[in-house]
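File shown: upload_33.cif. Contents: mmCIF, C-alpha atoms.
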data_work
#
loop_
_atom_site.group_PDB
_atom_site.id
_atom_site.type_symbol
_atom_site.label_atom_id
_atom_site.label_comp_id
_atom_site.auth_asym_id
_atom_site.auth_seq_id
_atom_site.Cartn_x
_atom_site.Cartn_y
_atom_site.Cartn_z
ATOM 1 C CA MET A 27 79.485 85.926 111.590
ATOM 2 C CA GLU A 28 77.719 82.842 112.829
ATOM 3 C CA LYS A 29 79.190 81.917 116.185
ATOM 4 C CA ASP A 30 79.105 78.167 115.658
ATOM 5 C CA LEU A 31 80.703 77.652 112.260
ATOM 6 C CA LYS A 32 81.828 74.046 111.967
ATOM 7 C CA GLN A 33 83.365 71.815 109.356
ATOM 8 C CA VAL A 34 81.175 68.870 108.420
ATOM 9 C CA PRO A 35 82.812 65.766 109.915
ATOM 10 C CA SER A 36 84.345 63.592 107.219
ATOM 11 C CA SER A 37 87.057 61.010 106.718
ATOM 12 C CA CYS A 38 87.954 62.931 103.575
ATOM 13 C CA LEU A 39 91.440 64.471 103.584
ATOM 14 C CA ARG A 40 91.578 68.200 102.910
ATOM 15 C CA ALA A 41 94.430 69.757 100.930
ATOM 16 C CA VAL A 42 94.515 73.552 100.682
ATOM 17 C CA VAL A 43 96.156 75.453 97.853
ATOM 18 C CA TYR A 44 97.460 78.419 99.830
ATOM 19 C CA GLY A 45 99.562 81.477 99.146
ATOM 20 C CA PRO A 46 99.729 85.063 97.908
ATOM 21 C CA GLU A 47 97.610 86.478 95.125
ATOM 22 C CA SER A 48 98.466 85.652 91.525
ATOM 23 C CA THR A 49 100.545 82.565 92.264
ATOM 24 C CA GLY A 50 98.546 80.035 90.265
ATOM 25 C CA LYS A 51 96.405 78.680 93.103
ATOM 26 C CA THR A 52 93.167 78.254 91.163
ATOM 27 C CA THR A 53 94.892 76.645 88.186
ATOM 28 C CA LEU A 54 96.701 74.203 90.463
ATOM 29 C CA ALA A 55 93.578 73.423 92.505
ATOM 30 C CA GLN A 56 91.603 72.596 89.360
ATOM 31 C CA GLN A 57 94.435 70.449 87.976
ATOM 32 C CA LEU A 58 94.662 68.519 91.246
ATOM 33 C CA ALA A 59 90.923 67.917 91.368
ATOM 34 C CA ALA A 60 91.052 66.541 87.813
ATOM 35 C CA HIS A 61 94.119 64.414 88.595
ATOM 36 C CA TYR A 62 92.516 62.837 91.668
ATOM 37 C CA GLN A 63 89.033 62.784 90.138
ATOM 38 C CA THR A 64 87.613 64.649 93.098
ATOM 39 C CA LEU A 65 86.057 67.984 93.898
ATOM 40 C CA CYS A 66 87.662 71.362 94.345
ATOM 41 C CA THR A 67 86.047 74.173 96.299
ATOM 42 C CA GLY A 68 85.964 77.492 94.563
ATOM 43 C CA GLU A 69 87.217 80.726 96.068
ATOM 44 C CA TYR A 70 84.215 82.357 97.723
ATOM 45 C CA ALA A 71 86.077 85.631 98.385
ATOM 46 C CA ARG A 72 86.841 86.111 94.704
ATOM 47 C CA GLU A 73 83.227 85.654 93.658
ATOM 48 C CA PHE A 74 81.877 87.818 96.486
ATOM 49 C CA LEU A 75 84.410 90.627 96.046
ATOM 50 C CA GLN A 76 84.234 90.640 92.242
ATOM 51 C CA LYS A 77 80.475 91.079 92.473
ATOM 52 C CA LYS A 78 80.968 93.921 94.985
ATOM 53 C CA TRP A 79 83.463 95.574 92.639
ATOM 54 C CA ASP A 80 81.313 95.104 89.535
ATOM 55 C CA GLN A 81 78.159 96.445 91.171
ATOM 56 C CA LYS A 82 79.524 99.273 93.338
ATOM 57 C CA LYS A 83 83.250 99.655 92.525
ATOM 58 C CA GLU A 84 83.927 98.888 96.204
ATOM 59 C CA VAL A 85 86.871 96.907 97.561
ATOM 60 C CA CYS A 86 87.036 94.516 100.483
ATOM 61 C CA GLU A 87 86.314 95.947 103.904
ATOM 62 C CA LEU A 88 87.079 94.412 107.272
ATOM 63 C CA SER A 89 83.362 93.772 107.783
ATOM 64 C CA ASP A 90 83.325 91.528 104.665
ATOM 65 C CA LEU A 91 85.768 88.998 106.097
ATOM 66 C CA PRO A 92 83.451 87.109 108.494
ATOM 67 C CA HIS A 93 80.951 86.742 105.655
ATOM 68 C CA ILE A 94 83.720 85.419 103.399
ATOM 69 C CA VAL A 95 84.776 82.829 105.995
ATOM 70 C CA ALA A 96 81.175 81.639 106.417
ATOM 71 C CA GLY A 97 80.625 81.437 102.655
ATOM 72 C CA GLN A 98 83.880 79.563 102.074
ATOM 73 C CA LEU A 99 83.048 77.063 104.812
ATOM 74 C CA GLN A 100 79.579 76.516 103.371
ATOM 75 C CA TRP A 101 81.105 75.688 99.966
ATOM 76 C CA GLU A 102 83.634 73.378 101.612
ATOM 77 C CA ASN A 103 80.976 71.580 103.649
ATOM 78 C CA GLN A 104 78.870 71.029 100.538
ATOM 79 C CA ALA A 105 81.834 69.702 98.527
ATOM 80 C CA VAL A 106 83.217 67.359 101.165
ATOM 81 C CA ALA A 107 79.993 65.337 101.094
ATOM 82 C CA ASP A 108 80.568 64.425 97.415
ATOM 83 C CA ALA A 109 84.378 64.300 97.268
ATOM 84 C CA ASN A 110 86.227 61.022 97.168
ATOM 85 C CA ARG A 111 88.813 60.509 99.906
ATOM 86 C CA LEU A 112 90.386 63.890 99.093
ATOM 87 C CA LEU A 113 88.995 67.423 98.838
ATOM 88 C CA ILE A 114 91.048 70.159 97.187
ATOM 89 C CA CYS A 115 90.390 73.584 98.719
ATOM 90 C CA ASP A 116 91.226 76.640 96.616
ATOM 91 C CA THR A 117 91.683 78.734 99.797
ATOM 92 C CA ASN A 118 90.526 78.482 103.402
ATOM 93 C CA VAL A 119 90.057 80.477 106.588
ATOM 94 C CA LEU A 120 93.816 80.767 107.142
ATOM 95 C CA VAL A 121 94.125 82.696 103.862
ATOM 96 C CA THR A 122 91.445 85.082 105.136
ATOM 97 C CA ARG A 123 93.408 85.531 108.363
ATOM 98 C CA VAL A 124 96.584 86.404 106.453
ATOM 99 C CA TRP A 125 94.685 88.781 104.209
ATOM 100 C CA SER A 126 93.095 90.481 107.211
ATOM 101 C CA GLU A 127 96.382 90.900 109.054
ATOM 102 C CA THR A 128 98.284 92.201 106.018
ATOM 103 C CA HIS A 129 95.562 94.573 104.836
ATOM 104 C CA PHE A 130 94.117 95.838 108.141
ATOM 105 C CA GLU A 131 97.174 96.772 110.202
ATOM 106 C CA GLY A 132 97.668 93.358 111.811
ATOM 107 C CA TYR A 133 94.050 92.940 112.920
ATOM 108 C CA CYS A 134 92.028 89.762 112.529
ATOM 109 C CA ASP A 135 88.556 89.255 113.976
ATOM 110 C CA PRO A 136 88.728 86.957 117.045
ATOM 111 C CA GLN A 137 86.016 84.725 115.558
ATOM 112 C CA ILE A 138 88.110 84.222 112.423
ATOM 113 C CA MET A 139 91.116 83.402 114.615
ATOM 114 C CA ALA A 140 88.995 80.858 116.499
ATOM 115 C CA CYS A 141 87.963 79.255 113.196
ATOM 116 C CA CYS A 142 91.634 78.998 112.207
ATOM 117 C CA ASP A 143 92.244 76.977 115.362
ATOM 118 C CA GLN A 144 89.065 74.921 115.099
ATOM 119 C CA PHE A 145 89.106 73.875 111.422
ATOM 120 C CA HIS A 146 91.419 71.057 110.329
ATOM 121 C CA TYR A 147 93.316 70.670 107.064
ATOM 122 C CA ASP A 148 95.708 67.826 106.327
ATOM 123 C CA LEU A 149 98.070 69.554 103.901
ATOM 124 C CA TYR A 150 98.857 73.052 102.699
ATOM 125 C CA LEU A 151 100.355 73.570 99.239
ATOM 126 C CA LEU A 152 102.130 76.934 99.498
ATOM 127 C CA THR A 153 102.432 78.416 96.010
ATOM 128 C CA GLY A 154 105.590 80.354 95.258
ATOM 129 C CA ILE A 155 105.959 83.762 93.676
ATOM 130 C CA ASP A 156 108.024 82.483 90.760
ATOM 131 C CA VAL A 157 105.190 83.050 88.266
ATOM 132 C CA PRO A 158 104.341 86.436 86.736
ATOM 133 C CA TRP A 159 101.911 88.626 88.649
ATOM 134 C CA GLU A 160 98.749 89.286 86.650
ATOM 135 C CA LYS A 161 96.586 92.344 87.237
ATOM 136 C CA ASP A 162 92.852 92.074 87.777
ATOM 137 C CA ASP A 163 90.161 94.053 89.615
ATOM 138 C CA LEU A 164 90.930 92.497 92.999
ATOM 139 C CA ARG A 165 94.686 92.033 93.166
ATOM 140 C CA ASP A 166 96.526 94.846 94.888
ATOM 141 C CA ARG A 167 100.035 93.792 95.929
ATOM 142 C CA PRO A 168 102.279 93.492 92.853
ATOM 143 C CA HIS A 169 105.301 94.929 94.677
ATOM 144 C CA ASP A 170 104.866 93.050 97.968
ATOM 145 C CA ARG A 171 105.081 89.508 96.651
ATOM 146 C CA GLU A 172 108.120 88.427 98.667
ATOM 147 C CA TYR A 173 106.723 89.957 101.856
ATOM 148 C CA MET A 174 103.357 88.255 101.281
ATOM 149 C CA PHE A 175 104.948 84.872 100.550
ATOM 150 C CA ASP A 176 107.035 85.124 103.731
ATOM 151 C CA TYR A 177 103.951 86.095 105.738
ATOM 152 C CA PHE A 178 101.978 83.110 104.434
ATOM 153 C CA LYS A 179 104.913 80.776 105.156
ATOM 154 C CA ASN A 180 105.527 82.177 108.648
ATOM 155 C CA ILE A 181 101.912 81.529 109.632
ATOM 156 C CA LEU A 182 102.292 77.878 108.583
ATOM 157 C CA ASP A 183 105.554 77.593 110.503
ATOM 158 C CA GLN A 184 104.083 79.199 113.638
ATOM 159 C CA ARG A 185 101.112 76.847 113.531
ATOM 160 C CA GLN A 186 103.334 73.848 112.713
ATOM 161 C CA GLU A 187 101.129 72.922 109.763
ATOM 162 C CA ASN A 188 101.989 70.183 107.274
ATOM 163 C CA TYR A 189 102.952 71.944 104.047
ATOM 164 C CA SER A 190 104.959 71.770 100.844
ATOM 165 C CA ILE A 191 106.240 74.719 98.850
ATOM 166 C CA ILE A 192 105.117 74.480 95.233
ATOM 167 C CA GLU A 193 107.261 76.283 92.652
ATOM 168 C CA GLY A 194 108.285 75.907 89.034
ATOM 169 C CA ASN A 195 106.426 75.961 85.761
ATOM 170 C CA GLU A 196 102.859 74.681 85.569
ATOM 171 C CA GLU A 197 103.916 71.077 84.939
ATOM 172 C CA GLU A 198 106.512 71.105 87.734
ATOM 173 C CA ARG A 199 104.021 72.596 90.163
ATOM 174 C CA LEU A 200 101.475 69.907 89.436
ATOM 175 C CA GLU A 201 104.129 67.208 89.777
ATOM 176 C CA LYS A 202 105.312 68.566 93.158
ATOM 177 C CA ALA A 203 101.768 68.950 94.461
ATOM 178 C CA VAL A 204 100.826 65.411 93.380
ATOM 179 C CA ALA A 205 103.926 64.045 95.116
ATOM 180 C CA ALA A 206 102.999 65.870 98.346
ATOM 181 C CA ILE A 207 99.401 64.639 98.222
ATOM 182 C CA ASP A 208 100.492 61.084 97.374
ATOM 183 C CA ARG A 209 102.717 61.097 100.483
ATOM 184 C CA LEU A 210 99.713 62.179 102.529
ATOM 185 C CA LEU A 211 97.463 59.525 101.021
ATOM 186 C CA LYS A 212 100.024 56.781 101.709
ATOM 187 C CA LYS A 213 100.023 57.712 105.405
ATOM 188 C CA THR A 214 96.285 57.125 105.745
#

Can you turn what I pasted into structure tokens?
Amino acid sequence: MEKDLKQVPSSCLRAVVYGPESTGKTTLAQQLAAHYQTLCTGEYAREFLQKKWDQKKEVCELSDLPHIVAGQLQWENQAVADANRLLICDTNVLVTRVWSETHFEGYCDPQIMACCDQFHYDLYLLTGIDVPWEKDDLRDRPHDREYMFDYFKNILDQRQENYSIIEGNEEERLEKAVAAIDRLLKKT
């Protein structure tokens, strides 16, 4: 992993859709970007790991995670230049940290941990597990949803991050997320 990964400086606020697999993050991120007429970063890990699966039938390895963090940051840095005063992030480095710790016996690369401390996000939208889990090639925790949600939430609490829990049907989730972002925008 590049030792000097940095977020591009910007006055743009960054809201991260954050949470366990199969909780509607991508749908919500895209809806929010449309609502605020701004950009949404994609999920680099999904594209990278799907390609790895399709080509070699291989799953994520610990050595993939630094590459995923660098790729995600590159996408974010490109998007923030063209976003309006808000960028919606469909994941971030903190998601990679959680994934690393929950899938690799509590371990997270020290460089990834340093990025978690260095990068700044203004709001986390923690998606609840109240939607059905959907199988795909990459998802692997259908029976650990409550544990994973609690893990994601505990990391936010430990770090004292600004966050809102987003639950309900698709319409309710969008409404709650918009209300949380509107509160953030009013403060700036």

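The space separating CA of Ala59 in chain A from CA of Glu172 in chain A comes to 27.7 Å.
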
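Straight-line separation from CA of Asp166 in chain A to CA of Trp101 in chain A: 25.1 Å.
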
From the list A:Ala41, A:Val34, A:Ala71, A:Ala55, the nearest residue to Arg165 in chain A using all atoms listed in the file is A:Ala71

Evaluate the PyMOL selection byres ((chain A and resi 194) around 12) on the structure here and hand back the selected residues as a PyMOL selection string. chain A and resi 49-50+54+153-158+191-193+195-203

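With distances taken over all atoms listed in the file, A:Leu149 is the one residue among A:Leu149, A:Leu182, A:Leu65, A:Ala96 lying closest to Val42 in chain A.
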
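One finds CA of Lys83 in chain A at 22.3 Å from CA of Gln98 in chain A.
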
Write out as a PyMOL selection string which residues come within 8 Å of range 102-106 of chain A when counting all atoms listed in the file, dropping same-chain ones fewer than 4 positions away. chain A and resi 33-34+36+38+65-67+98+113+115

Of the listed residues A:Asp135, A:Asp108, A:Asp163, A:Asp183, that which approaches Cys86 in chain A most closely, counting all atoms listed in the file: A:Asp163

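Closest approach to Val95 in chain A among A:Asn180, A:Thr117, A:Thr122, A:Gln144 is made by A:Thr122 (distances from only C-alpha atoms).
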
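Distances from A:Ser37, A:Lys212, A:Val43, A:Phe74 to Glu87 in chain A were compared using only C-alpha atoms, and the smallest one belongs to A:Phe74.
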
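Nearest residue to Tyr173 in chain A, choosing from A:Glu47, A:Glu84, A:Glu187, A:Asp30 and counting all atoms listed in the file: A:Glu47.
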
Once the PyMOL selection byres ((chain A and resi 211) around 12) has been applied to the shown file, what residues remain in the selection, as a PyMOL selection string? chain A and resi 37-41+62+110-113+148-149+204-210+212-214

For a cut-off of 6 Å around (99.7, 88.9, 90.4), file coordinates, pick out all residues using all atoms listed in the file and list them as an MDAnalysis selection string. chainID A and resid 47:48 159:161 168

On this structure, which residues satisfy the PyMOL selection byres ((chain A and resi 44) around 8), written as a list of chain:residue names? A:Val42, A:Val43, A:Gly45, A:Pro46, A:Lys51, A:Asp116, A:Thr117, A:Asn118, A:Val121, A:Tyr150, A:Leu151, A:Leu152, A:Thr153, A:Phe178

As lines of an AutoDock Vina configuration file, please: the centre and edge lengths in Å, to one decimal, of an axis-aligned box enclosing every listed atom of range 192-201 of chain A with 6 Å added on each side.
center_x = 104.9
center_y = 71.7
center_z = 90.1
size_x = 18.8
size_y = 21.1
size_z = 22.3
